[in-house]
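What follows is one structure encoded as structure tokens, with my remarks underneath.
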Amino acid sequence: MSLASGRTYLAIPGPSVVPDAVLRAMHRASPNIYEGELPDMMPGLTADLKKVARTDAHVAIYICNGHGTWEASLANTVAPGEKVLLLSTGFFAKAWGWMAEARGIEVDVLEFGNGNTFDLEQVADALKADKGHAYKAVLAVHVDTSSSNRNAFAPLRDILDDLAHPALLIADCIASMGCDRFEMDAWGVDIAITGSQKGLMLPPGCGFVFFNDKAAAARDALNRVSGYWDWKPRANPEAFYQYFSGTAPTHHLYGLRTALDMIHEEGMEAIWQRHETLAGAVWAACEHWGQDGPLTLNIQNPELRSRAVTALAIGKPHGAALREWCASQAGVTLGIGLGMATEDDPNSEGFFRFGHMGHVNAHMILGLLGSVEAGLGALGIPHKPGGVTAAAQVISGV
Ligand SMILES: *Cc1c(COP(=O)(O)O)cnc(C)c1O
């Protein structure tokens, strides 16, 4: 017997749950791309996207996933042979660095490990040592989805300003935008990138690159910019759907219109608070279970944890077994461990992650945690029963 029949729940850190209203908005005949509703919608879409990133700067829309926005952020700012400084707290930062190297960019990596945030002194020392300002950009991930740590950006801006270092500050907000508080302009971020399939609640397939005037000047100073990744035509709502960028992602744009309506109706502050409370419920359950068993949160300090994703260790093979049980017996799919492989556990079977990003509410999180507690019991994995009660207390504000 299985108890998985019923509506399934993909509780992984992207793609996230797509709201029914977004699915309905996308379920339509192909619209006219030359005139009418779709072109008319574009200026409003870009304005509402910028409100999510908390910026008055520019936004370019691509038909791509997050990897594409990594490429776009580099293609418009750094030429092959030039240098960047990469701050790494997990797998996603490293993968962005590999992409830069593949473009012929020289990447200096400051590695801070999977359980930590940046050591600001080390960052300052590295930039101070760069007397000739060879670093064109500092690449940093806001929430590294593999380790589930969250990094602060305002201190990076302070360091760059104190040293009068002209490098662009580029933030990967693919996991965090619309989930964890992010303030592009107030924090002095020059470029922020995100994808459609996490906090923005769409299917994968659209990428968004926000860039300010300083970044625009860097692009204009390059000798050449690859045609597809050039953000200039894509940041112009008129040109985007017309001639210069190819066919617009028609149905994604309709879905995006509805998603942005939902986001701004709830309000950014309320969305961040909802993620904060639901993440707190997840942490409370995990900390409770872990009192009598092997389960541990990857990030110990709550200040450094993402509100969108939680990475956990539980020991091989419990992580893989729990994921299998939850999917087959409870209809809920947990995320795999990523970038955590060791010699004893090459396939990361001792790790798993919860995605709690985007279109999630209290009953979904309590259902997720209740299913995990049932799985821990069914599989005989040692834990202290009562994690769901601990989570419920966070949600009821007790
Ligand atoms: C998901 C994610 C990516 C990669 O996005 P894709 O859409 O899978 O290409 C990059 N960085 C972070 C922080 C992410 O969470």
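In the structure tokens, each chain is lettered A, B, ... as it comes, each chain's residues begin at 1, and ligands are numbered from 1 in order of appearance.
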Closest atom pairs, residues of chain A within 6 Å of ligand 1, only C-alpha atoms and all ligand atoms, as JSON lines:
{"residue": "A:Asn65", "atom": "CA", "partner": "ligand 1", "partner_atom_place_in_ligand_line": "7 (O)", "distance": 3.9}
{"residue": "A:Gly66", "atom": "CA", "partner": "ligand 1", "partner_atom_place_in_ligand_line": "5 (O)", "distance": 3.4}
{"residue": "A:His67", "atom": "CA", "partner": "ligand 1", "partner_atom_place_in_ligand_line": "9 (O)", "distance": 3.8}
{"residue": "A:Phe92", "atom": "CA", "partner": "ligand 1", "partner_atom_place_in_ligand_line": "11 (N)", "distance": 5.1}
{"residue": "A:Val143", "atom": "CA", "partner": "ligand 1", "partner_atom_place_in_ligand_line": "13 (C)", "distance": 5.6}
{"residue": "A:Asp144", "atom": "CA", "partner": "ligand 1", "partner_atom_place_in_ligand_line": "13 (C)", "distance": 4.8}
{"residue": "A:Thr145", "atom": "CA", "partner": "ligand 1", "partner_atom_place_in_ligand_line": "15 (O)", "distance": 4.7}
{"residue": "A:Asp172", "atom": "CA", "partner": "ligand 1", "partner_atom_place_in_ligand_line": "13 (C)", "distance": 5.8}
{"residue": "A:Ile174", "atom": "CA", "partner": "ligand 1", "partner_atom_place_in_ligand_line": "12 (C)", "distance": 4.7}
{"residue": "A:Ala175", "atom": "CA", "partner": "ligand 1", "partner_atom_place_in_ligand_line": "15 (O)", "distance": 3.8}
{"residue": "A:Gly195", "atom": "CA", "partner": "ligand 1", "partner_atom_place_in_ligand_line": "7 (O)", "distance": 5.9}
Using only C-alpha atoms, I'd like a table of the residues in region 3-84 of chain A that come within 9 Å of region 95-108 of chain A; for each, show the closest atom pair and its distance in Å rounded to one decimal, ordered by chain and ascending number, as JSON lines.
{"residue": "A:His67", "atom": "CA", "partner": "A:Trp96", "partner_atom": "CA", "distance": 7.9}
{"residue": "A:Trp70", "atom": "CA", "partner": "A:Trp96", "partner_atom": "CA", "distance": 6.3}
{"residue": "A:Glu71", "atom": "CA", "partner": "A:Met99", "partner_atom": "CA", "distance": 7.1}
{"residue": "A:Leu74", "atom": "CA", "partner": "A:Ala100", "partner_atom": "CA", "distance": 7.0}
{"residue": "A:Ala75", "atom": "CA", "partner": "A:Arg103", "partner_atom": "CA", "distance": 8.4}
{"residue": "A:Val78", "atom": "CA", "partner": "A:Ile105", "partner_atom": "CA", "distance": 7.4}
{"residue": "A:Ala79", "atom": "CA", "partner": "A:Ile105", "partner_atom": "CA", "distance": 6.9}
{"residue": "A:Pro80", "atom": "CA", "partner": "A:Gly104", "partner_atom": "CA", "distance": 4.5}
{"residue": "A:Gly81", "atom": "CA", "partner": "A:Ile105", "partner_atom": "CA", "distance": 5.1}
{"residue": "A:Glu82", "atom": "CA", "partner": "A:Ile105", "partner_atom": "CA", "distance": 5.4}
{"residue": "A:Lys83", "atom": "CA", "partner": "A:Glu106", "partner_atom": "CA", "distance": 4.6}
{"residue": "A:Val84", "atom": "CA", "partner": "A:Val107", "partner_atom": "CA", "distance": 5.2}
Save the residues we just selected, N, CA, C and O atoms, as a compact mmCIF listing (two decimals), in the first residue's frame?
# COMPACT_ATOMS: atom_id res chain seq x y z
N HIS A 67 21.67 29.11 -15.16
CA HIS A 67 23.00 29.04 -15.78
C HIS A 67 23.17 30.12 -16.85
O HIS A 67 24.25 30.68 -17.01
N TRP A 70 24.08 33.34 -15.27
CA TRP A 70 25.51 33.36 -14.93
C TRP A 70 26.31 33.84 -16.14
O TRP A 70 27.18 34.71 -16.04
N GLU A 71 26.00 33.21 -17.30
CA GLU A 71 26.71 33.55 -18.53
C GLU A 71 26.49 35.02 -18.88
O GLU A 71 27.43 35.74 -19.24
N LEU A 74 28.47 37.63 -16.93
CA LEU A 74 29.88 37.69 -17.31
C LEU A 74 30.06 38.26 -18.72
O LEU A 74 30.97 39.05 -18.96
N ALA A 75 29.19 37.86 -19.63
CA ALA A 75 29.35 38.24 -21.04
C ALA A 75 29.27 39.75 -21.23
O ALA A 75 29.83 40.29 -22.18
N VAL A 78 32.95 41.24 -18.33
CA VAL A 78 34.34 40.82 -18.19
C VAL A 78 34.80 40.17 -19.49
O VAL A 78 34.14 39.24 -19.98
N ALA A 79 35.92 40.63 -20.03
CA ALA A 79 36.43 40.07 -21.28
C ALA A 79 37.31 38.86 -20.97
O ALA A 79 37.90 38.77 -19.89
N PRO A 80 37.45 37.92 -21.92
CA PRO A 80 38.40 36.82 -21.76
C PRO A 80 39.79 37.39 -21.45
O PRO A 80 40.18 38.41 -22.05
N GLY A 81 40.49 36.76 -20.52
CA GLY A 81 41.81 37.24 -20.14
C GLY A 81 41.77 38.17 -18.94
O GLY A 81 42.79 38.37 -18.29
N GLU A 82 40.61 38.74 -18.65
CA GLU A 82 40.49 39.59 -17.46
C GLU A 82 40.20 38.74 -16.22
O GLU A 82 40.00 37.53 -16.32
N LYS A 83 40.19 39.40 -15.07
CA LYS A 83 40.15 38.67 -13.80
C LYS A 83 38.90 38.99 -12.98
O LYS A 83 38.41 40.13 -13.01
N VAL A 84 38.42 37.99 -12.23
CA VAL A 84 37.36 38.23 -11.24
C VAL A 84 37.76 37.57 -9.92
O VAL A 84 38.59 36.66 -9.88
Computed interatomic separation between CA of Asp345 (chain A) and CA of Ile314 (chain A) (Å) =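 A separation of 11.8 Å between them.
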Please provide the set of residues having any atom within 10 Å of region 286-298 of chain A, restricted to only C-alpha atoms, with same-chain residues fewer than 5 positions apart removed, written as a PyMOL selection string.
-> chain A and resi 114-116+146-149+280-281+305+310-315+318-319+350-351+353+369+372-373+376+381-391
Which residues, written as a list of chain:residue names, have at least one atom at most 8 Å from Asp190 (chain A), with only C-alpha atoms counted and residues fewer than 5 positions away on the same chain left out?
-> A:Leu168, A:Leu169, A:Ile170, A:Met184, A:Asp185, A:Phe211, A:Asn212, A:Lys214, A:Ala215
Those same residues, written as a PDB file, in the first residue's frame with N, CA, C and O atoms?
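out_25.pdb was written with the following content:
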ATOM      1  N   LEU A 168      32.924  45.524 -10.116  1.00  0.00           N
ATOM      2  CA  LEU A 168      31.465  45.385 -10.009  1.00  0.00           C
ATOM      3  C   LEU A 168      31.136  44.335  -8.958  1.00  0.00           C
ATOM      4  O   LEU A 168      31.828  43.315  -8.849  1.00  0.00           O
ATOM      5  N   LEU A 169      30.069  44.578  -8.196  1.00  0.00           N
ATOM      6  CA  LEU A 169      29.598  43.585  -7.232  1.00  0.00           C
ATOM      7  C   LEU A 169      28.410  42.856  -7.869  1.00  0.00           C
ATOM      8  O   LEU A 169      27.368  43.465  -8.141  1.00  0.00           O
ATOM      9  N   ILE A 170      28.598  41.556  -8.118  1.00  0.00           N
ATOM     10  CA  ILE A 170      27.574  40.763  -8.822  1.00  0.00           C
ATOM     11  C   ILE A 170      27.014  39.707  -7.874  1.00  0.00           C
ATOM     12  O   ILE A 170      27.770  38.932  -7.285  1.00  0.00           O
ATOM     13  N   MET A 184      18.721  45.282  -3.720  1.00  0.00           N
ATOM     14  CA  MET A 184      19.811  45.548  -4.671  1.00  0.00           C
ATOM     15  C   MET A 184      20.375  46.959  -4.523  1.00  0.00           C
ATOM     16  O   MET A 184      21.596  47.132  -4.377  1.00  0.00           O
ATOM     17  N   ASP A 185      19.547  47.982  -4.572  1.00  0.00           N
ATOM     18  CA  ASP A 185      20.057  49.359  -4.552  1.00  0.00           C
ATOM     19  C   ASP A 185      20.589  49.735  -3.177  1.00  0.00           C
ATOM     20  O   ASP A 185      21.677  50.308  -3.058  1.00  0.00           O
ATOM     21  N   PHE A 211      20.723  45.231 -13.716  1.00  0.00           N
ATOM     22  CA  PHE A 211      22.055  45.870 -13.754  1.00  0.00           C
ATOM     23  C   PHE A 211      21.901  47.378 -13.680  1.00  0.00           C
ATOM     24  O   PHE A 211      20.962  47.957 -14.238  1.00  0.00           O
ATOM     25  N   ASN A 212      22.840  48.023 -12.991  1.00  0.00           N
ATOM     26  CA  ASN A 212      22.761  49.473 -12.823  1.00  0.00           C
ATOM     27  C   ASN A 212      23.590  50.196 -13.892  1.00  0.00           C
ATOM     28  O   ASN A 212      24.176  49.565 -14.789  1.00  0.00           O
ATOM     29  N   LYS A 214      26.420  51.740 -13.690  1.00  0.00           N
ATOM     30  CA  LYS A 214      27.855  51.421 -13.659  1.00  0.00           C
ATOM     31  C   LYS A 214      28.130  50.135 -14.444  1.00  0.00           C
ATOM     32  O   LYS A 214      29.096  50.050 -15.221  1.00  0.00           O
ATOM     33  N   ALA A 215      27.255  49.153 -14.265  1.00  0.00           N
ATOM     34  CA  ALA A 215      27.399  47.896 -15.008  1.00  0.00           C
ATOM     35  C   ALA A 215      27.159  48.131 -16.497  1.00  0.00           C
ATOM     36  O   ALA A 215      27.852  47.555 -17.349  1.00  0.00           O
TER      37      ALA A 215
END
Give me every helix (DSSP H, G or I) residue in region 106-289 of chain A, going by DSSP on the backbone, as an MDAnalysis selection string.
-> chainID A and resid 120:129 154:162 213:221 231:234 237:241 250:266 268:289
Surrounding residues of Met1 (chain A) excluding itself and chain neighbours under 5 positions, 12 Å, only C-alpha atoms, as a list of chain:residue names =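 Selected residues are A:Ser328, A:Gln329, A:Ala330.
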Excluding Pro203 (chain A) and any residue of its chain fewer than 6 positions from it, enumerate the residues within 8 Å of it, using only C-alpha atoms, and give them as a list in words.
->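 Contacts, in chain order: Pro15, Ser16, Val18, Ser196, Gln197 and His252 of chain A.
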Once you have the residues from the selection above, write them out as an mmCIF file, in the first residue's frame, restricted to C-alpha atoms.
data_model
loop_
_atom_site.group_PDB
_atom_site.id
_atom_site.type_symbol
_atom_site.label_atom_id
_atom_site.label_comp_id
_atom_site.auth_asym_id
_atom_site.auth_seq_id
_atom_site.Cartn_x
_atom_site.Cartn_y
_atom_site.Cartn_z
ATOM 1 C CA PRO A 15 11.675 24.181 -9.586
ATOM 2 C CA SER A 16 9.247 25.307 -6.928
ATOM 3 C CA VAL A 18 3.693 26.765 -9.524
ATOM 4 C CA SER A 196 11.916 32.071 -13.033
ATOM 5 C CA GLN A 197 11.533 28.749 -11.232
ATOM 6 C CA HIS A 252 6.128 32.569 -19.527
#
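Closest approach to Ala285 (chain A) from the set A:Gly370, A:Gly205, A:Gly90, A:Gly337 is made by A:Gly370, with distances taken over only C-alpha atoms.
The nearest approach to Lys94 (chain A) among the residues A:Gln300, A:His58, A:Leu139, A:Ser73, with only C-alpha atoms taken into account, belongs to A:Leu139.
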What is the distance, in Å and to one decimal place, between CA of Val17 (chain A) and CA of Met364 (chain A)?
->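 The value is 10.6 Å.
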Quick one: pull the distance between CA of Ala279 (chain A) and CA of Arg307 (chain A), Å, one decimal.
->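 Those two atoms sit 5.2 Å apart.
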List every residue of region 260-360 of chain A that DSSP, applied to the backbone of this structure, places in strand (DSSP E), and write the result as a VMD selection string.
-> chain A and resid 296 to 297 309 to 313 332 to 336 351 to 355
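If only C-alpha atoms are the atoms counted, then among A:Ala239, A:Leu202, A:Leu156, A:Ile395 the closest residue to Thr258 (chain A) is A:Leu202.
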Minimum-distance residue to Leu163 (chain A), chosen among A:Ala124, A:Ala186, A:Ala140, A:Trp272 (using only C-alpha atoms) | A:Ala124
Within 9 Å of region 25-36 of chain A using only C-alpha atoms, minus same-chain residues under 5 positions, as a PyMOL selection string = chain A and resi 20+41+241-242+247-248+250-258
